[in-house]
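So this one's upload.tsv, TSV, C-alpha atoms:
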```tsv
chain	number	residue	atom	x	y	z
B	1	MET	CA	86.83	-103.05	-3.21
B	2	ALA	CA	84.28	-104.52	-0.80
B	3	ILE	CA	80.60	-103.98	-1.49
B	4	ASP	CA	78.91	-101.81	1.15
B	5	TRP	CA	75.61	-103.65	1.57
B	6	HIS	CA	74.42	-101.24	4.26
B	7	HIS	CA	74.85	-98.38	1.77
B	8	ILE	CA	72.88	-100.31	-0.88
B	9	ARG	CA	70.10	-101.18	1.56
B	10	THR	CA	69.67	-97.57	2.66
B	11	ARG	CA	69.37	-96.41	-0.97
B	12	ARG	CA	67.31	-99.28	-2.38
B	13	PHE	CA	64.32	-97.08	-3.31
B	14	LEU	CA	64.10	-94.06	-5.58
B	15	PRO	CA	63.27	-90.83	-3.72
B	16	MET	CA	60.16	-90.14	-5.79
B	17	THR	CA	56.42	-90.60	-5.60
B	18	PRO	CA	55.32	-93.78	-7.38
B	19	PRO	CA	52.65	-93.69	-10.07
B	20	PRO	CA	49.18	-93.07	-8.65
B	21	ASP	CA	47.85	-96.43	-9.87
B	22	TRP	CA	50.39	-98.40	-7.76
B	23	PRO	CA	49.37	-99.81	-4.36
B	24	SER	CA	50.13	-97.21	-1.66
B	25	ALA	CA	53.01	-99.13	0.00
B	26	VAL	CA	54.88	-99.94	-3.24
B	27	GLN	CA	57.99	-97.88	-3.99
B	28	PRO	CA	60.17	-97.82	-7.13
B	29	LEU	CA	63.60	-99.48	-6.86
B	30	SER	CA	66.82	-97.63	-7.48
B	31	ILE	CA	69.57	-99.11	-9.66
B	32	GLU	CA	71.46	-99.84	-6.42
B	33	GLY	CA	68.33	-101.55	-5.07
B	34	VAL	CA	68.34	-103.99	-7.99
B	35	SER	CA	71.59	-105.38	-6.50
B	36	LEU	CA	69.50	-106.82	-3.69
B	37	LEU	CA	67.86	-109.23	-6.14
B	38	GLY	CA	69.55	-112.60	-6.28
B	39	ILE	CA	69.10	-115.97	-7.94
B	40	ASP	CA	70.19	-119.34	-6.61
B	41	PRO	CA	71.72	-120.86	-9.78
B	42	THR	CA	71.14	-124.41	-8.55
B	43	THR	CA	67.38	-123.93	-8.09
B	44	ASN	CA	66.68	-120.76	-10.11
B	45	LYS	CA	64.79	-119.40	-7.09
B	46	LEU	CA	64.59	-115.63	-6.76
B	47	TYR	CA	65.61	-113.79	-3.57
B	48	TRP	CA	65.22	-110.23	-2.30
B	49	ASP	CA	67.98	-109.24	0.12
B	50	GLY	CA	68.56	-112.91	0.95
B	51	LYS	CA	64.89	-113.75	1.55
B	52	PRO	CA	63.00	-116.00	-0.90
B	53	ILE	CA	60.46	-114.32	-3.13
B	54	VAL	CA	57.25	-116.30	-3.29
B	55	VAL	CA	55.42	-115.70	-6.54
B	56	ARG	CA	51.76	-116.58	-6.59
B	57	ASP	CA	51.10	-115.45	-10.15
B	58	ARG	CA	53.32	-115.95	-13.17
B	59	VAL	CA	55.67	-113.03	-13.75
B	60	ARG	CA	56.60	-112.10	-17.28
B	61	LEU	CA	59.66	-109.96	-17.75
B	62	GLY	CA	59.85	-107.73	-20.77
B	63	LEU	CA	62.87	-107.99	-23.05
B	64	TRP	CA	64.73	-105.10	-21.44
B	65	GLU	CA	64.05	-106.44	-17.93
B	66	LEU	CA	65.39	-109.83	-18.99
B	67	ILE	CA	68.53	-108.31	-20.51
B	68	LEU	CA	69.01	-106.15	-17.38
B	69	VAL	CA	68.70	-109.19	-15.08
B	70	LEU	CA	71.17	-111.20	-17.18
B	71	TYR	CA	73.62	-108.30	-17.38
B	72	ARG	CA	73.37	-107.63	-13.63
B	73	LYS	CA	74.14	-111.29	-13.01
B	74	ALA	CA	77.20	-110.97	-15.28
B	75	GLU	CA	78.27	-107.81	-13.40
B	76	SER	CA	77.88	-109.61	-10.07
B	77	LEU	CA	79.94	-112.57	-11.30
B	78	SER	CA	82.53	-110.19	-12.71
B	79	LYS	CA	82.93	-108.38	-9.38
B	80	ARG	CA	82.96	-111.58	-7.35
B	81	THR	CA	85.50	-113.35	-9.56
B	82	LYS	CA	87.46	-110.23	-10.57
B	83	GLN	CA	87.07	-111.21	-14.24
B	84	ILE	CA	85.84	-108.90	-16.96
B	85	ILE	CA	82.52	-109.45	-18.70
B	86	PRO	CA	83.40	-110.82	-22.14
B	87	ARG	CA	82.60	-108.34	-24.91
B	88	GLU	CA	80.78	-111.19	-26.66
B	89	PHE	CA	78.19	-111.04	-23.86
B	90	ALA	CA	77.11	-107.53	-24.87
B	91	ARG	CA	77.08	-108.51	-28.55
B	92	VAL	CA	74.83	-111.51	-27.92
B	93	ALA	CA	72.54	-109.35	-25.74
B	94	ALA	CA	72.30	-106.91	-28.68
B	95	ASN	CA	71.51	-109.85	-30.98
B	96	LEU	CA	68.78	-110.90	-28.53
B	97	ASP	CA	67.20	-107.44	-28.72
B	98	GLU	CA	67.37	-107.50	-32.52
B	99	PHE	CA	65.87	-111.00	-32.81
B	100	CYS	CA	62.99	-110.19	-30.47
B	101	GLY	CA	62.29	-106.98	-32.39
B	102	GLU	CA	62.07	-109.06	-35.56
B	103	GLU	CA	59.96	-111.65	-33.68
B	104	ASN	CA	62.52	-114.30	-34.58
B	105	PHE	CA	62.04	-116.19	-31.35
B	106	GLU	CA	64.08	-119.26	-32.33
B	107	LYS	CA	67.18	-117.10	-32.76
B	108	ALA	CA	66.30	-115.27	-29.53
B	109	ARG	CA	66.12	-118.64	-27.71
B	110	ILE	CA	69.56	-119.56	-29.09
B	111	SER	CA	70.92	-116.23	-27.79
B	112	ILE	CA	69.38	-116.80	-24.34
B	113	ASP	CA	70.83	-120.33	-24.24
B	114	TRP	CA	74.26	-118.90	-25.15
B	115	ILE	CA	74.01	-116.26	-22.39
B	116	ASN	CA	72.96	-118.86	-19.81
B	117	THR	CA	75.84	-121.16	-20.81
B	118	CYS	CA	78.27	-118.25	-20.54
B	119	LEU	CA	76.95	-117.32	-17.08
B	120	LYS	CA	77.04	-120.93	-15.81
B	121	ASN	CA	80.66	-121.26	-16.95
B	122	PHE	CA	81.77	-117.70	-16.22
B	123	THR	CA	84.59	-118.72	-13.87
B	124	LYS	CA	86.05	-121.25	-16.29
B	125	ASP	CA	88.98	-120.44	-18.56
B	126	TYR	CA	87.85	-118.14	-21.39
B	127	LYS	CA	89.83	-120.26	-23.88
B	128	LEU	CA	87.35	-123.12	-23.32
B	129	GLY	CA	84.94	-121.07	-25.44
B	130	PHE	CA	81.85	-120.94	-23.21
B	131	CYS	CA	81.67	-117.15	-23.62
B	132	SER	CA	82.72	-116.85	-27.24
B	133	ARG	CA	80.49	-116.89	-30.26
B	134	ASN	CA	81.68	-119.99	-32.07
B	135	LYS	CA	80.81	-121.50	-35.44
B	136	ASN	CA	77.75	-123.27	-34.00
B	137	TYR	CA	76.34	-119.97	-32.71
B	138	PHE	CA	76.96	-118.13	-35.99
B	139	CYS	CA	75.51	-120.93	-38.10
B	140	ALA	CA	72.40	-121.08	-35.90
B	141	VAL	CA	71.66	-117.35	-35.93
B	142	PHE	CA	73.48	-116.11	-39.05
B	143	PRO	CA	73.49	-119.08	-41.48
B	144	GLN	CA	74.56	-116.85	-44.38
B	145	SER	CA	77.57	-115.42	-42.49
B	146	GLU	CA	80.99	-115.81	-44.05
B	147	GLY	CA	82.28	-117.89	-41.14
B	148	CYS	CA	79.40	-120.33	-41.40
B	149	LEU	CA	79.50	-120.63	-45.20
B	150	GLN	CA	83.29	-121.20	-45.25
B	151	SER	CA	83.02	-124.10	-42.82
B	152	GLN	CA	80.51	-126.00	-44.96
```

Any chance you could put this one into structure tokens?
Amino acid sequence: MAIDWHHIRTRRFLPMTPPPDWPSAVQPLSIEGVSLLGIDPTTNKLYWDGKPIVVRDRVRLGLWELILVLYRKAESLSKRTKQIIPREFARVAANLDEFCGEENFEKARISIDWINTCLKNFTKDYKLGFCSRNKNYFCAVFPQSEGCLQSQ
């Protein structure tokens, strides 16, 4: 099914009044509106509806925003390539949430690296293992897991 970009563009904002402390011209995005965000994977530059976003100040995404951006990218790749999002993707995203909650940032970094590798290799054959949690992943984040201990 083709994506109706005109439909998305006409419903990009939520039909509600923004918080009073926001600048007067700023409107909240709808879930459909988030689809207008894009990233050039070769440069990691951010785009809004095909136009580059110029950031003057550093932007820090919260954990849930980061997971949402990564999952939306996976959804976009899934639709474009007609491949399903591997269930391991959701599991690693859940691990990421857990690790950040525990402030175990080394394990969170490993999870983010895994997600990025999966996204970069999304169109490659699943059997190559880019989107599967292998022994290296388990040993890095769960060193006491049965799979890791058996391989030693």

Near range 104-116 of chain B, 12 Å: range 5-74 of chain B residue rows, closest pairs, only C-alpha atoms, as CSV:
```
residue,atom,partner,partner_atom,distance
B:Pro41,CA,B:Asn116,CA,10.3
B:Asn44,CA,B:Asn116,CA,11.7
B:Leu63,CA,B:Ala108,CA,10.3
B:Leu66,CA,B:Ile112,CA,9.7
B:Ile67,CA,B:Ile112,CA,9.4
B:Val69,CA,B:Ile115,CA,11.5
B:Leu70,CA,B:Ile115,CA,7.8
B:Tyr71,CA,B:Ile115,CA,9.4
B:Lys73,CA,B:Asn116,CA,10.2
B:Ala74,CA,B:Ile115,CA,9.4
```

Serialized selection, C-alpha atoms, as a PDB file, in the frame of the given file:
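Saved result, again.pdb, follows:
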```pdb
ATOM      1  CA  PRO B  41      71.720-120.860  -9.780  1.00  0.00           C
ATOM      2  CA  ASN B  44      66.680-120.760 -10.110  1.00  0.00           C
ATOM      3  CA  LEU B  63      62.870-107.990 -23.050  1.00  0.00           C
ATOM      4  CA  LEU B  66      65.390-109.830 -18.990  1.00  0.00           C
ATOM      5  CA  ILE B  67      68.530-108.310 -20.510  1.00  0.00           C
ATOM      6  CA  VAL B  69      68.700-109.190 -15.080  1.00  0.00           C
ATOM      7  CA  LEU B  70      71.170-111.200 -17.180  1.00  0.00           C
ATOM      8  CA  TYR B  71      73.620-108.300 -17.380  1.00  0.00           C
ATOM      9  CA  LYS B  73      74.140-111.290 -13.010  1.00  0.00           C
ATOM     10  CA  ALA B  74      77.200-110.970 -15.280  1.00  0.00           C
TER      11      ALA B  74
END
```

Original post:
What is the distance between CA of Gly50 in chain B and CA of Leu37 in chain B, in Å to one decimal?
Top reply: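 Interatomic distance, CA of Gly50 in chain B to CA of Leu37 in chain B: 8.0 Å.
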
Per residue of range 35-133 of chain B within 10 Å of range 6-14 of chain B, record the nearest atom pair and its distance in Å to one decimal, counting all atoms listed in the file, with rows in chain order and ascending residue number, as a tab-separated table.
```
residue	atom	partner	partner_atom	distance
B:Ser35	CA	B:Ile8	CA	7.7
B:Leu36	CA	B:Arg9	CA	7.7
B:Asp49	CA	B:Arg9	CA	8.5
```

Subject >> Gap from CA of Asp40 in chain B to CA of Asp4 in chain B - Å, one decimal >> reply: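 Interatomic distance, CA of Asp40 in chain B to CA of Asp4 in chain B: 21.1 Å.
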
Subject >> Top pick for closest residue to Ala93 in chain B, considering B:Pro23, B:Asp57, B:Arg133, B:Ser76 and counting only C-alpha atoms >> reply: B:Arg133

**OP:** Go ahead and compute the interatomic distance for CA of Lys82 in chain B and CA of Phe122 in chain B, in Å to one decimal.
**Re:**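 Interatomic distance here is 11.0 Å.
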
**OP:** Write out as number ranges by chain which residues come within 10 Å of Leu149 in chain B when counting all atoms listed in the file, dropping same-chain ones fewer than 3 positions away.
**Re:** B: 135, 138-139, 142-146, 152

Provide an axis-aligned box for all listed atoms of range 51-60 of chain B, padding each side by 5 Å; report its centre and its edge lengths in Å to one decimal, as JSON.
```
{"center_x": 58.0, "center_y": -114.3, "center_z": -7.9, "size_x": 23.8, "size_y": 14.5, "size_z": 28.8}
```

Original post:
Between B:Cys148, B:Cys118, B:Ile31, B:Leu77, which is the closest to Phe89 in chain B once you count all atoms listed in the file?
Top reply: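 Of B:Cys148, B:Cys118, B:Ile31, B:Leu77, the one nearest Phe89 in chain B, counting all atoms listed in the file, is B:Cys118.
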